[in-house]
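**Student:** Pasting target-v5.cif here (mmCIF, C-alpha atoms, pLDDT in the B column; chains and numbers go by the auth columns):
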data_start
loop_
_atom_site.group_PDB
_atom_site.id
_atom_site.type_symbol
_atom_site.label_atom_id
_atom_site.label_comp_id
_atom_site.label_asym_id
_atom_site.label_seq_id
_atom_site.Cartn_x
_atom_site.Cartn_y
_atom_site.Cartn_z
_atom_site.B_iso_or_equiv
_atom_site.auth_seq_id
_atom_site.auth_asym_id
ATOM 1 C CA MET A 1 -140.043 -167.534 -93.019 45.00 1 N
ATOM 2 C CA SER A 2 -139.596 -171.288 -92.704 55.00 2 N
ATOM 3 C CA ASP A 3 -140.119 -172.927 -89.322 71.00 3 N
ATOM 4 C CA GLY A 4 -138.082 -175.979 -90.366 82.00 4 N
ATOM 5 C CA PRO A 5 -134.689 -176.984 -89.020 89.00 5 N
ATOM 6 C CA THR A 6 -131.819 -174.567 -89.583 93.00 6 N
ATOM 7 C CA ILE A 7 -128.749 -175.583 -91.553 91.00 7 N
ATOM 8 C CA PRO A 8 -126.712 -176.092 -88.340 93.00 8 N
ATOM 9 C CA GLN A 9 -129.455 -178.365 -86.981 95.00 9 N
ATOM 10 C CA ARG A 10 -129.639 -180.278 -90.257 95.00 10 N
ATOM 11 C CA LEU A 11 -125.876 -180.741 -90.404 96.00 11 N
ATOM 12 C CA LEU A 12 -125.720 -182.157 -86.900 97.00 12 N
ATOM 13 C CA GLN A 13 -128.720 -184.381 -87.549 97.00 13 N
ATOM 14 C CA ARG A 14 -127.150 -185.637 -90.787 97.00 14 N
ATOM 15 C CA LEU A 15 -124.042 -186.618 -88.849 98.00 15 N
ATOM 16 C CA ASP A 16 -126.107 -188.373 -86.183 97.00 16 N
ATOM 17 C CA ASP A 17 -128.031 -190.212 -88.902 98.00 17 N
ATOM 18 C CA LEU A 18 -124.755 -191.216 -90.519 98.00 18 N
ATOM 19 C CA GLY A 19 -123.520 -192.593 -87.223 98.00 19 N
ATOM 20 C CA ALA A 20 -126.670 -194.693 -86.907 98.00 20 N
ATOM 21 C CA LEU A 21 -126.236 -195.951 -90.471 97.00 21 N
ATOM 22 C CA LEU A 22 -122.619 -196.942 -89.839 97.00 22 N
ATOM 23 C CA ALA A 23 -123.682 -198.789 -86.710 97.00 23 N
ATOM 24 C CA ARG A 24 -126.129 -200.841 -88.783 97.00 24 N
ATOM 25 C CA ARG A 25 -123.541 -201.631 -91.457 96.00 25 N
ATOM 26 C CA GLY A 26 -121.149 -203.131 -88.940 94.00 26 N
ATOM 27 C CA ASP A 27 -117.949 -202.579 -90.934 97.00 27 N
ATOM 28 C CA ALA A 28 -117.000 -199.200 -89.436 97.00 28 N
ATOM 29 C CA LEU A 29 -115.423 -198.358 -86.095 97.00 29 N
ATOM 30 C CA ALA A 30 -116.155 -194.675 -85.644 98.00 30 N
ATOM 31 C CA LEU A 31 -117.427 -191.388 -87.065 98.00 31 N
ATOM 32 C CA ILE A 32 -115.521 -188.201 -86.188 98.00 32 N
ATOM 33 C CA GLY A 33 -116.848 -184.701 -86.795 97.00 33 N
ATOM 34 C CA LEU A 34 -114.293 -181.974 -87.538 94.00 34 N
ATOM 35 C CA GLY A 35 -114.211 -178.199 -87.542 89.00 35 N
ATOM 36 C CA SER A 36 -117.556 -176.501 -86.988 89.00 36 N
ATOM 37 C CA VAL A 37 -119.329 -179.874 -86.693 95.00 37 N
ATOM 38 C CA GLY A 38 -116.545 -181.118 -84.434 92.00 38 N
ATOM 39 C CA LEU A 39 -115.277 -179.329 -81.360 90.00 39 N
ATOM 40 C CA ASP A 40 -115.907 -175.832 -82.751 86.00 40 N
ATOM 41 C CA LEU A 41 -119.698 -175.979 -82.579 92.00 41 N
ATOM 42 C CA ASP A 42 -119.785 -172.300 -81.625 88.00 42 N
ATOM 43 C CA ARG A 43 -118.740 -171.526 -85.224 86.00 43 N
ATOM 44 C CA LEU A 44 -121.567 -173.542 -86.771 91.00 44 N
ATOM 45 C CA ASP A 45 -123.812 -171.310 -88.881 90.00 45 N
ATOM 46 C CA GLU A 46 -125.861 -171.143 -92.090 92.00 46 N
ATOM 47 C CA HIS A 47 -122.680 -171.210 -94.183 90.00 47 N
ATOM 48 C CA SER A 48 -121.080 -174.261 -92.576 91.00 48 N
ATOM 49 C CA ASP A 49 -120.532 -177.642 -94.164 94.00 49 N
ATOM 50 C CA MET A 50 -119.933 -181.110 -92.808 96.00 50 N
ATOM 51 C CA ASP A 51 -116.353 -182.328 -92.415 96.00 51 N
ATOM 52 C CA PHE A 52 -115.898 -185.816 -91.052 98.00 52 N
ATOM 53 C CA PHE A 53 -113.780 -188.954 -90.918 98.00 53 N
ATOM 54 C CA VAL A 54 -115.094 -192.477 -91.152 98.00 54 N
ATOM 55 C CA VAL A 55 -112.868 -195.051 -89.478 98.00 55 N
ATOM 56 C CA ALA A 56 -113.460 -198.323 -91.325 97.00 56 N
ATOM 57 C CA GLU A 57 -112.289 -201.866 -90.878 96.00 57 N
ATOM 58 C CA ASP A 58 -109.232 -202.754 -92.965 94.00 58 N
ATOM 59 C CA GLY A 59 -111.169 -204.656 -95.601 94.00 59 N
ATOM 60 C CA ALA A 60 -114.031 -202.166 -95.794 97.00 60 N
ATOM 61 C CA LYS A 61 -112.282 -198.895 -96.592 97.00 61 N
ATOM 62 C CA GLN A 62 -112.207 -199.292 -100.362 96.00 62 N
ATOM 63 C CA GLY A 63 -115.907 -200.003 -100.493 96.00 63 N
ATOM 64 C CA TYR A 64 -116.630 -196.692 -98.779 97.00 64 N
ATOM 65 C CA LEU A 65 -114.425 -194.932 -101.314 97.00 65 N
ATOM 66 C CA ASP A 66 -115.667 -196.700 -104.444 95.00 66 N
ATOM 67 C CA SER A 67 -119.358 -196.115 -103.773 95.00 67 N
ATOM 68 C CA ILE A 68 -121.462 -193.384 -102.184 96.00 68 N
ATOM 69 C CA ASP A 69 -124.504 -195.590 -101.722 96.00 69 N
ATOM 70 C CA TRP A 70 -124.048 -195.304 -97.964 97.00 70 N
ATOM 71 C CA LEU A 71 -124.364 -191.521 -98.213 97.00 71 N
ATOM 72 C CA GLU A 72 -127.303 -191.697 -100.600 97.00 72 N
ATOM 73 C CA ALA A 73 -129.095 -193.872 -98.082 97.00 73 N
ATOM 74 C CA LEU A 74 -129.344 -190.652 -96.063 97.00 74 N
ATOM 75 C CA CYS A 75 -130.117 -188.224 -98.894 97.00 75 N
ATOM 76 C CA PRO A 76 -129.621 -188.214 -102.697 96.00 76 N
ATOM 77 C CA VAL A 77 -126.276 -186.781 -103.817 96.00 77 N
ATOM 78 C CA GLU A 78 -126.356 -184.257 -106.664 95.00 78 N
ATOM 79 C CA PHE A 79 -122.593 -183.897 -107.151 96.00 79 N
ATOM 80 C CA SER A 80 -119.473 -185.611 -105.882 95.00 80 N
ATOM 81 C CA PHE A 81 -115.845 -186.080 -106.789 95.00 81 N
ATOM 82 C CA PRO A 82 -112.830 -187.783 -105.188 95.00 82 N
ATOM 83 C CA ASN A 83 -110.729 -184.900 -103.912 93.00 83 N
ATOM 84 C CA SER A 84 -108.063 -187.123 -102.345 94.00 84 N
ATOM 85 C CA ILE A 85 -107.046 -190.766 -102.300 96.00 85 N
ATOM 86 C CA ASP A 86 -108.929 -191.077 -99.021 97.00 86 N
ATOM 87 C CA GLY A 87 -112.127 -189.147 -99.575 96.00 87 N
ATOM 88 C CA ARG A 88 -114.620 -187.020 -101.458 96.00 88 N
ATOM 89 C CA LYS A 89 -116.553 -183.797 -101.539 95.00 89 N
ATOM 90 C CA VAL A 90 -120.301 -184.141 -102.011 95.00 90 N
ATOM 91 C CA LEU A 91 -123.330 -181.901 -102.423 95.00 91 N
ATOM 92 C CA PHE A 92 -126.580 -183.427 -101.203 96.00 92 N
ATOM 93 C CA SER A 93 -129.829 -182.658 -102.989 96.00 93 N
ATOM 94 C CA ASP A 94 -131.076 -180.724 -99.956 95.00 94 N
ATOM 95 C CA GLY A 95 -128.150 -178.294 -100.194 93.00 95 N
ATOM 96 C CA LEU A 96 -125.896 -179.666 -97.468 95.00 96 N
ATOM 97 C CA PHE A 97 -122.239 -179.935 -98.466 95.00 97 N
ATOM 98 C CA ALA A 98 -119.764 -182.427 -97.019 96.00 98 N
ATOM 99 C CA GLU A 99 -116.090 -183.246 -97.242 96.00 99 N
ATOM 100 C CA TYR A 100 -114.929 -186.515 -95.806 97.00 100 N
ATOM 101 C CA ALA A 101 -112.114 -189.017 -95.616 97.00 101 N
ATOM 102 C CA VAL A 102 -112.116 -192.719 -94.833 98.00 102 N
ATOM 103 C CA PHE A 103 -109.256 -194.221 -92.855 97.00 103 N
ATOM 104 C CA THR A 104 -108.381 -197.562 -91.381 97.00 104 N
ATOM 105 C CA LEU A 105 -107.439 -197.584 -87.721 96.00 105 N
ATOM 106 C CA ASP A 106 -103.708 -197.710 -88.475 95.00 106 N
ATOM 107 C CA GLU A 107 -103.995 -194.867 -91.003 95.00 107 N
ATOM 108 C CA LEU A 108 -105.878 -192.695 -88.544 95.00 108 N
ATOM 109 C CA ARG A 109 -103.274 -193.288 -85.851 92.00 109 N
ATOM 110 C CA ALA A 110 -100.525 -192.222 -88.276 90.00 110 N
ATOM 111 C CA ALA A 111 -102.375 -189.093 -89.407 89.00 111 N
ATOM 112 C CA SER A 112 -102.023 -185.562 -88.069 86.00 112 N
ATOM 113 C CA PHE A 113 -105.276 -183.634 -87.632 88.00 113 N
ATOM 114 C CA PRO A 114 -106.896 -181.187 -85.192 86.00 114 N
ATOM 115 C CA PRO A 115 -108.907 -182.829 -82.399 90.00 115 N
ATOM 116 C CA GLY A 116 -112.413 -183.766 -83.473 94.00 116 N
ATOM 117 C CA ARG A 117 -115.728 -184.779 -81.903 96.00 117 N
ATOM 118 C CA LEU A 118 -116.588 -188.438 -81.608 97.00 118 N
ATOM 119 C CA VAL A 119 -120.065 -188.627 -83.141 97.00 119 N
ATOM 120 C CA TRP A 120 -120.366 -192.395 -82.937 97.00 120 N
ATOM 121 C CA ALA A 121 -118.093 -195.324 -82.094 97.00 121 N
ATOM 122 C CA ARG A 122 -118.578 -199.071 -82.093 97.00 122 N
ATOM 123 C CA GLU A 123 -118.408 -200.657 -78.656 96.00 123 N
ATOM 124 C CA ASP A 124 -115.087 -202.327 -79.392 95.00 124 N
ATOM 125 C CA ALA A 125 -113.464 -199.192 -80.877 95.00 125 N
ATOM 126 C CA PRO A 126 -110.326 -197.969 -79.087 94.00 126 N
ATOM 127 C CA ALA A 127 -110.698 -194.849 -76.990 93.00 127 N
ATOM 128 C CA GLY A 128 -109.319 -191.515 -78.169 93.00 128 N
ATOM 129 C CA LEU A 129 -109.867 -191.927 -81.920 95.00 129 N
ATOM 130 C CA GLU A 130 -110.973 -188.304 -82.178 93.00 130 N
ATOM 131 C CA ARG A 131 -107.460 -187.162 -81.267 90.00 131 N
ATOM 132 C CA SER A 132 -104.553 -187.383 -83.667 78.00 132 N
ATOM 133 C CA GLY A 133 -101.983 -190.029 -82.909 68.00 133 N
ATOM 134 C CA ARG A 134 -99.215 -187.897 -84.412 68.00 134 N
ATOM 135 C CA GLN A 135 -98.902 -184.249 -83.452 64.00 135 N
ATOM 136 C CA PRO A 136 -96.780 -182.019 -85.694 61.00 136 N
ATOM 137 C CA GLY A 137 -93.631 -180.761 -84.030 65.00 137 N
ATOM 138 C CA PRO A 138 -92.869 -177.069 -83.595 67.00 138 N
ATOM 139 C CA SER A 139 -91.531 -175.279 -86.634 71.00 139 N
ATOM 140 C CA PRO A 140 -87.924 -174.107 -86.349 74.00 140 N
ATOM 141 C CA TYR A 141 -89.011 -170.926 -88.148 72.00 141 N
ATOM 142 C CA ASP A 142 -91.761 -169.799 -85.784 79.00 142 N
ATOM 143 C CA TYR A 143 -90.148 -166.594 -84.602 87.00 143 N
ATOM 144 C CA PRO A 144 -91.248 -163.093 -85.670 91.00 144 N
ATOM 145 C CA GLU A 145 -88.054 -161.970 -87.409 93.00 145 N
ATOM 146 C CA TYR A 146 -88.224 -164.913 -89.822 92.00 146 N
ATOM 147 C CA HIS A 147 -91.714 -164.001 -90.987 93.00 147 N
ATOM 148 C CA VAL A 148 -90.846 -160.310 -91.307 95.00 148 N
ATOM 149 C CA ASN A 149 -87.880 -161.129 -93.529 94.00 149 N
ATOM 150 C CA GLU A 150 -89.915 -163.604 -95.557 95.00 150 N
ATOM 151 C CA ALA A 151 -92.574 -160.962 -96.140 96.00 151 N
ATOM 152 C CA VAL A 152 -90.024 -158.356 -97.214 95.00 152 N
ATOM 153 C CA THR A 153 -88.317 -160.720 -99.658 95.00 153 N
ATOM 154 C CA ASN A 154 -91.730 -161.755 -101.016 96.00 154 N
ATOM 155 C CA LEU A 155 -92.367 -158.090 -101.793 97.00 155 N
ATOM 156 C CA TYR A 156 -88.965 -157.664 -103.432 94.00 156 N
ATOM 157 C CA VAL A 157 -89.197 -160.739 -105.652 95.00 157 N
ATOM 158 C CA GLY A 158 -92.874 -160.088 -106.365 95.00 158 N
ATOM 159 C CA LEU A 159 -92.205 -156.580 -107.618 96.00 159 N
ATOM 160 C CA HIS A 160 -89.483 -157.852 -109.950 94.00 160 N
ATOM 161 C CA ARG A 161 -91.976 -160.349 -111.373 94.00 161 N
ATOM 162 C CA ASP A 162 -94.552 -157.599 -111.740 95.00 162 N
ATOM 163 C CA ALA A 163 -91.995 -155.523 -113.671 92.00 163 N
ATOM 164 C CA ARG A 164 -91.321 -158.517 -115.910 92.00 164 N
ATOM 165 C CA GLY A 165 -95.021 -158.754 -116.703 94.00 165 N
ATOM 166 C CA GLU A 166 -95.650 -161.838 -114.545 95.00 166 N
ATOM 167 C CA ARG A 167 -98.473 -160.114 -112.734 96.00 167 N
ATOM 168 C CA LEU A 168 -100.304 -163.167 -111.464 97.00 168 N
ATOM 169 C CA ALA A 169 -97.108 -164.581 -109.959 96.00 169 N
ATOM 170 C CA ALA A 170 -96.454 -161.150 -108.449 96.00 170 N
ATOM 171 C CA THR A 171 -99.970 -160.962 -107.025 97.00 171 N
ATOM 172 C CA ARG A 172 -99.549 -164.276 -105.262 96.00 172 N
ATOM 173 C CA LEU A 173 -96.177 -163.349 -103.793 96.00 173 N
ATOM 174 C CA ILE A 174 -97.196 -159.881 -102.657 97.00 174 N
ATOM 175 C CA GLN A 175 -100.866 -160.226 -101.765 97.00 175 N
ATOM 176 C CA ALA A 176 -100.951 -163.869 -100.668 95.00 176 N
ATOM 177 C CA HIS A 177 -97.565 -165.150 -99.478 95.00 177 N
ATOM 178 C CA ALA A 178 -96.418 -161.879 -97.903 96.00 178 N
ATOM 179 C CA VAL A 179 -99.811 -161.391 -96.256 95.00 179 N
ATOM 180 C CA ASP A 180 -99.587 -164.927 -94.869 92.00 180 N
ATOM 181 C CA ARG A 181 -96.341 -163.950 -93.213 93.00 181 N
ATOM 182 C CA LEU A 182 -98.021 -160.914 -91.682 93.00 182 N
ATOM 183 C CA LEU A 183 -100.716 -163.187 -90.267 89.00 183 N
ATOM 184 C CA THR A 184 -98.129 -165.501 -88.734 88.00 184 N
ATOM 185 C CA TYR A 185 -96.209 -162.531 -87.335 91.00 185 N
ATOM 186 C CA LEU A 186 -99.399 -161.353 -85.632 90.00 186 N
ATOM 187 C CA GLU A 187 -100.095 -164.826 -84.281 87.00 187 N
ATOM 188 C CA LEU A 188 -96.638 -164.951 -82.725 88.00 188 N
ATOM 189 C CA THR A 189 -96.812 -161.478 -81.220 88.00 189 N
ATOM 190 C CA THR A 190 -100.494 -161.217 -80.182 83.00 190 N
ATOM 191 C CA PRO A 191 -101.512 -163.185 -77.093 78.00 191 N
ATOM 192 C CA GLY A 192 -104.698 -165.216 -77.447 70.00 192 N
ATOM 193 C CA SER A 193 -104.818 -165.068 -81.250 66.00 193 N
ATOM 194 C CA GLY A 194 -104.914 -168.805 -81.880 68.00 194 N
ATOM 195 C CA ARG A 195 -105.971 -170.100 -85.280 68.00 195 N
ATOM 196 C CA GLN A 196 -109.496 -171.071 -86.138 65.00 196 N
ATOM 197 C CA ASP A 197 -108.115 -173.856 -88.309 65.00 197 N
ATOM 198 C CA ALA A 198 -104.685 -175.285 -87.521 63.00 198 N
ATOM 199 C CA PHE A 199 -104.095 -176.107 -91.191 64.00 199 N
ATOM 200 C CA VAL A 200 -105.624 -173.030 -92.879 62.00 200 N
ATOM 201 C CA LEU A 201 -103.949 -169.803 -91.824 67.00 201 N
ATOM 202 C CA GLU A 202 -106.486 -167.319 -93.171 71.00 202 N
ATOM 203 C CA ARG A 203 -109.658 -168.825 -91.666 74.00 203 N
ATOM 204 C CA GLY A 204 -111.468 -166.367 -89.410 74.00 204 N
ATOM 205 C CA VAL A 205 -108.704 -163.773 -89.692 80.00 205 N
ATOM 206 C CA GLU A 206 -111.205 -160.892 -89.788 80.00 206 N
ATOM 207 C CA ARG A 207 -112.558 -161.927 -86.386 80.00 207 N
ATOM 208 C CA ARG A 208 -109.101 -162.478 -84.913 83.00 208 N
ATOM 209 C CA PHE A 209 -107.529 -159.218 -86.125 82.00 209 N
ATOM 210 C CA GLY A 210 -109.714 -156.204 -86.782 82.00 210 N
ATOM 211 C CA PRO A 211 -108.982 -153.633 -89.508 85.00 211 N
ATOM 212 C CA ASP A 212 -107.170 -151.423 -87.004 89.00 212 N
ATOM 213 C CA VAL A 213 -104.633 -154.245 -86.537 86.00 213 N
ATOM 214 C CA LEU A 214 -104.616 -155.724 -90.029 90.00 214 N
ATOM 215 C CA PRO A 215 -106.055 -153.378 -92.710 92.00 215 N
ATOM 216 C CA LEU A 216 -106.762 -156.038 -95.334 91.00 216 N
ATOM 217 C CA SER A 217 -108.600 -153.598 -97.601 93.00 217 N
ATOM 218 C CA GLU A 218 -105.368 -151.608 -97.890 93.00 218 N
ATOM 219 C CA ILE A 219 -102.950 -154.487 -98.472 94.00 219 N
ATOM 220 C CA VAL A 220 -105.014 -156.883 -100.600 94.00 220 N
ATOM 221 C CA LEU A 221 -105.838 -154.679 -103.565 95.00 221 N
ATOM 222 C CA GLY A 222 -106.024 -157.095 -106.489 95.00 222 N
ATOM 223 C CA TYR A 223 -104.276 -158.043 -109.713 95.00 223 N
ATOM 224 C CA ASP A 224 -103.872 -154.478 -111.037 95.00 224 N
ATOM 225 C CA ARG A 225 -102.412 -152.967 -107.858 95.00 225 N
ATOM 226 C CA ASN A 226 -99.399 -155.008 -106.833 96.00 226 N
ATOM 227 C CA ARG A 227 -97.161 -151.985 -106.350 96.00 227 N
ATOM 228 C CA GLU A 228 -99.612 -150.135 -104.119 96.00 228 N
ATOM 229 C CA ALA A 229 -100.170 -153.299 -102.088 97.00 229 N
ATOM 230 C CA ALA A 230 -96.425 -153.837 -101.683 97.00 230 N
ATOM 231 C CA LEU A 231 -95.932 -150.284 -100.418 97.00 231 N
ATOM 232 C CA ALA A 232 -98.837 -150.627 -97.983 96.00 232 N
ATOM 233 C CA ILE A 233 -97.410 -153.887 -96.617 97.00 233 N
ATOM 234 C CA LEU A 234 -93.972 -152.337 -96.277 97.00 234 N
ATOM 235 C CA ASP A 235 -95.456 -149.369 -94.398 96.00 235 N
ATOM 236 C CA TRP A 236 -97.324 -151.775 -92.105 95.00 236 N
ATOM 237 C CA LEU A 237 -94.136 -153.647 -91.314 97.00 237 N
ATOM 238 C CA GLU A 238 -92.043 -150.530 -90.773 97.00 238 N
ATOM 239 C CA ALA A 239 -94.608 -149.219 -88.290 95.00 239 N
ATOM 240 C CA ARG A 240 -93.957 -152.301 -86.136 93.00 240 N
ATOM 241 C CA VAL A 241 -90.413 -153.567 -86.700 94.00 241 N
ATOM 242 C CA ASP A 242 -87.033 -152.572 -88.095 94.00 242 N
ATOM 243 C CA VAL A 243 -86.976 -153.512 -91.763 94.00 243 N
ATOM 244 C CA ASP A 244 -83.674 -153.855 -93.574 93.00 244 N
ATOM 245 C CA ARG A 245 -83.040 -150.435 -95.122 94.00 245 N
ATOM 246 C CA THR A 246 -81.521 -151.752 -98.323 93.00 246 N
ATOM 247 C CA LEU A 247 -84.461 -154.001 -99.098 94.00 247 N
ATOM 248 C CA ALA A 248 -86.966 -151.319 -98.099 95.00 248 N
ATOM 249 C CA ALA A 249 -85.301 -148.846 -100.481 95.00 249 N
ATOM 250 C CA GLU A 250 -85.307 -151.396 -103.315 93.00 250 N
ATOM 251 C CA ILE A 251 -88.979 -152.182 -102.745 95.00 251 N
ATOM 252 C CA ARG A 252 -89.864 -148.491 -102.934 96.00 252 N
ATOM 253 C CA ARG A 253 -87.773 -148.072 -106.074 94.00 253 N
ATOM 254 C CA LEU A 254 -89.437 -151.031 -107.765 94.00 254 N
ATOM 255 C CA ALA A 255 -92.890 -149.840 -106.738 94.00 255 N
ATOM 256 C CA THR A 256 -92.575 -146.429 -108.422 86.00 256 N
ATOM 257 C CA PRO A 257 -94.837 -145.972 -111.475 64.00 257 N
ATOM 258 C CA SER A 258 -91.852 -145.595 -113.799 59.00 258 N
ATOM 259 C CA ILE A 259 -90.621 -149.143 -113.228 44.00 259 N
ATOM 260 C CA GLY A 260 -92.959 -150.620 -115.784 43.00 260 N
ATOM 261 C CA GLN A 261 -91.667 -148.188 -118.395 47.00 261 N
ATOM 262 C CA VAL A 262 -87.960 -148.983 -117.941 40.00 262 N
#
For the file at hand, write its structure as structure tokens.

**Tutor:**
Amino acid sequence: MSDGPTIPQRLLQRLDDLGALLARRGDALALIGLGSVGLDLDRLDEHSDMDFFVVAEDGAKQGYLDSIDWLEALCPVEFSFPNSIDGRKVLFSDGLFAEYAVFTLDELRAASFPPGRLVWAREDAPAGLERSGRQPGPSPYDYPEYHVNEAVTNLYVGLHRDARGERLAATRLIQAHAVDRLLTYLELTTPGSGRQDAFVLERGVERRFGPDVLPLSEIVLGYDRNREAALAILDWLEARVDVDRTLAAEIRRLATPSIGQV
């Protein structure tokens, strides 16, 4: 067993080293850690990666995007690609993985993102850069009945697509979109079930809702079992709420084995 630094220790050290490098360059204002290297350090483990924002001076941003020499000054990069107009994903030669974006100060203030951890800031940087300047407003559809009805109609349309032979489209509607609506329904009706990631619904769902609450192994069954999954989801919903009887009957009709032979 190695006595060297763990991956969480290496990730945090890499961020600290990056902050020191940016300080020496002089054309950046701040470095913000996000997710498990941000405020959620309790989630940091051997499977974590390094998500961060660099806040650069107006004239310096493009240089950070066009070249990764500043990253390779820390460790050689084995693979990278621009995954957005503002950033990249990179794999360092020592196995650490990072996803980052580079923003100017005005761009950062206009962006919406979960609160982060200020790893480093230049002395003249404005305070509060680690907090989004624009918070998303509440959704007009964040009430349980909406998500129940969305889930039920996902099942109905998905089963029609399955009957047509569009099985991948059906799988996504039934075992992805409908399940997403179940997750949101649980969030809205279960106190203290806040998201791990404000922008990614399914992150940490197994820790938030155990199998007795959300039996994923029974409702996410795979490409060949859309009908069984749809029936299991319908049963789950009916055990908790009143489901429209007409739609429920149609879903059960469509999910019978004979439907593919009609």

**Student:** Neighbours of Glu145 of chain N within 10 Å (only C-alpha atoms; same-chain residues fewer than 3 positions away dropped), as a PyMOL selection string?

**Tutor:** chain N and resi 141-142+148-151+185+241-243

**Student:** What's the separation between atom CA of Gly204 of chain N and atom CA of Leu186 of chain N, in Å to one decimal place?

**Tutor:**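 These two atoms are separated by 13.6 Å.
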
**Student:** Would you place a box with edges along x, y and z of the file around all atoms of segment 201-208 of chain N listed there, add 4 Å to each of its six sides, and report the centre and edge lengths in Å to one decimal, as JSON?

**Tutor:**
{"center_x": -108.3, "center_y": -165.3, "center_z": -89.0, "size_x": 16.6, "size_y": 16.9, "size_z": 16.3}

**Student:** Applying the PyMOL selection byres ((chain N and resi 114-131) around 7) to the file I just gave you, which residues come out? Please list them as a PyMOL selection string.

**Tutor:** chain N and resi 16+19+23+29-34+38-39+113+132-133+198

**Student:** Go through segment 17-115 of chain N residue by residue and, counting all atoms listed in the file, keep those with an atom at most 6 Å from segment 5-13 of chain N; for each kept residue give the shortest atom pair and its distance in Å to one decimal, ordered by chain and increasing number, as CSV.

**Tutor:**
residue,atom,partner,partner_atom,distance
N:Leu44,CA,N:Pro8,CA,6.0
N:Asp45,CA,N:Pro8,CA,5.6
N:Glu46,CA,N:Ile7,CA,5.3

**Student:** I'd like the interatomic distance between atom CA of Arg203 of chain N and atom CA of Arg181 of chain N, to a tenth of an Å.

**Tutor:**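 Atom CA of Arg181 of chain N lies 14.3 Å from atom CA of Arg203 of chain N.
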
**Student:** Given the file shown, determine the residues that the PyMOL selection byres ((chain N and resi 152) around 12) selects; report them as a PDB file with C-alpha atoms, in the coordinates of the input.

**Tutor:**
ATOM      1  CA  GLU N 145     -88.054-161.970 -87.409  1.00 93.00           C
ATOM      2  CA  TYR N 146     -88.224-164.913 -89.822  1.00 92.00           C
ATOM      3  CA  HIS N 147     -91.714-164.001 -90.987  1.00 93.00           C
ATOM      4  CA  VAL N 148     -90.846-160.310 -91.307  1.00 95.00           C
ATOM      5  CA  ASN N 149     -87.880-161.129 -93.529  1.00 94.00           C
ATOM      6  CA  GLU N 150     -89.915-163.604 -95.557  1.00 95.00           C
ATOM      7  CA  ALA N 151     -92.574-160.962 -96.140  1.00 96.00           C
ATOM      8  CA  THR N 153     -88.317-160.720 -99.658  1.00 95.00           C
ATOM      9  CA  ASN N 154     -91.730-161.755-101.016  1.00 96.00           C
ATOM     10  CA  LEU N 155     -92.367-158.090-101.793  1.00 97.00           C
ATOM     11  CA  TYR N 156     -88.965-157.664-103.432  1.00 94.00           C
ATOM     12  CA  VAL N 157     -89.197-160.739-105.652  1.00 95.00           C
ATOM     13  CA  GLY N 158     -92.874-160.088-106.365  1.00 95.00           C
ATOM     14  CA  LEU N 159     -92.205-156.580-107.618  1.00 96.00           C
ATOM     15  CA  LEU N 173     -96.177-163.349-103.793  1.00 96.00           C
ATOM     16  CA  ILE N 174     -97.196-159.881-102.657  1.00 97.00           C
ATOM     17  CA  GLN N 175    -100.866-160.226-101.765  1.00 97.00           C
ATOM     18  CA  HIS N 177     -97.565-165.150 -99.478  1.00 95.00           C
ATOM     19  CA  ALA N 178     -96.418-161.879 -97.903  1.00 96.00           C
ATOM     20  CA  VAL N 179     -99.811-161.391 -96.256  1.00 95.00           C
ATOM     21  CA  ASP N 180     -99.587-164.927 -94.869  1.00 92.00           C
ATOM     22  CA  ARG N 181     -96.341-163.950 -93.213  1.00 93.00           C
ATOM     23  CA  LEU N 182     -98.021-160.914 -91.682  1.00 93.00           C
ATOM     24  CA  ALA N 230     -96.425-153.837-101.683  1.00 97.00           C
ATOM     25  CA  LEU N 231     -95.932-150.284-100.418  1.00 97.00           C
ATOM     26  CA  ALA N 232     -98.837-150.627 -97.983  1.00 96.00           C
ATOM     27  CA  ILE N 233     -97.410-153.887 -96.617  1.00 97.00           C
ATOM     28  CA  LEU N 234     -93.972-152.337 -96.277  1.00 97.00           C
ATOM     29  CA  ASP N 235     -95.456-149.369 -94.398  1.00 96.00           C
ATOM     30  CA  TRP N 236     -97.324-151.775 -92.105  1.00 95.00           C
ATOM     31  CA  LEU N 237     -94.136-153.647 -91.314  1.00 97.00           C
ATOM     32  CA  GLU N 238     -92.043-150.530 -90.773  1.00 97.00           C
ATOM     33  CA  VAL N 241     -90.413-153.567 -86.700  1.00 94.00           C
ATOM     34  CA  ASP N 242     -87.033-152.572 -88.095  1.00 94.00           C
ATOM     35  CA  VAL N 243     -86.976-153.512 -91.763  1.00 94.00           C
ATOM     36  CA  ASP N 244     -83.674-153.855 -93.574  1.00 93.00           C
ATOM     37  CA  ARG N 245     -83.040-150.435 -95.122  1.00 94.00           C
ATOM     38  CA  THR N 246     -81.521-151.752 -98.323  1.00 93.00           C
ATOM     39  CA  LEU N 247     -84.461-154.001 -99.098  1.00 94.00           C
ATOM     40  CA  ALA N 248     -86.966-151.319 -98.099  1.00 95.00           C
ATOM     41  CA  ALA N 249     -85.301-148.846-100.481  1.00 95.00           C
ATOM     42  CA  GLU N 250     -85.307-151.396-103.315  1.00 93.00           C
ATOM     43  CA  ILE N 251     -88.979-152.182-102.745  1.00 95.00           C
ATOM     44  CA  ARG N 252     -89.864-148.491-102.934  1.00 96.00           C
TER      45      ARG N 252
END

**Student:** Of the residues N:Ser84, N:Asp212, N:Ala98, N:Pro76, which is the one nearest to Asp51 of chain N, using only C-alpha atoms?

**Tutor:**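 So, comparing all the options, the nearest one is N:Ala98.
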
**Student:** Figure out the distance between atom CA of Ala255 of chain N and atom CA of Gly210 of chain N, please, to one decimal in Å.

**Tutor:** 26.9 Å

**Student:** Nearest to Asp106 of chain N: which of N:Leu18, N:Ala239, N:Ala229, N:Ala56 is it, counting all atoms listed in the file?

**Tutor:** N:Ala56
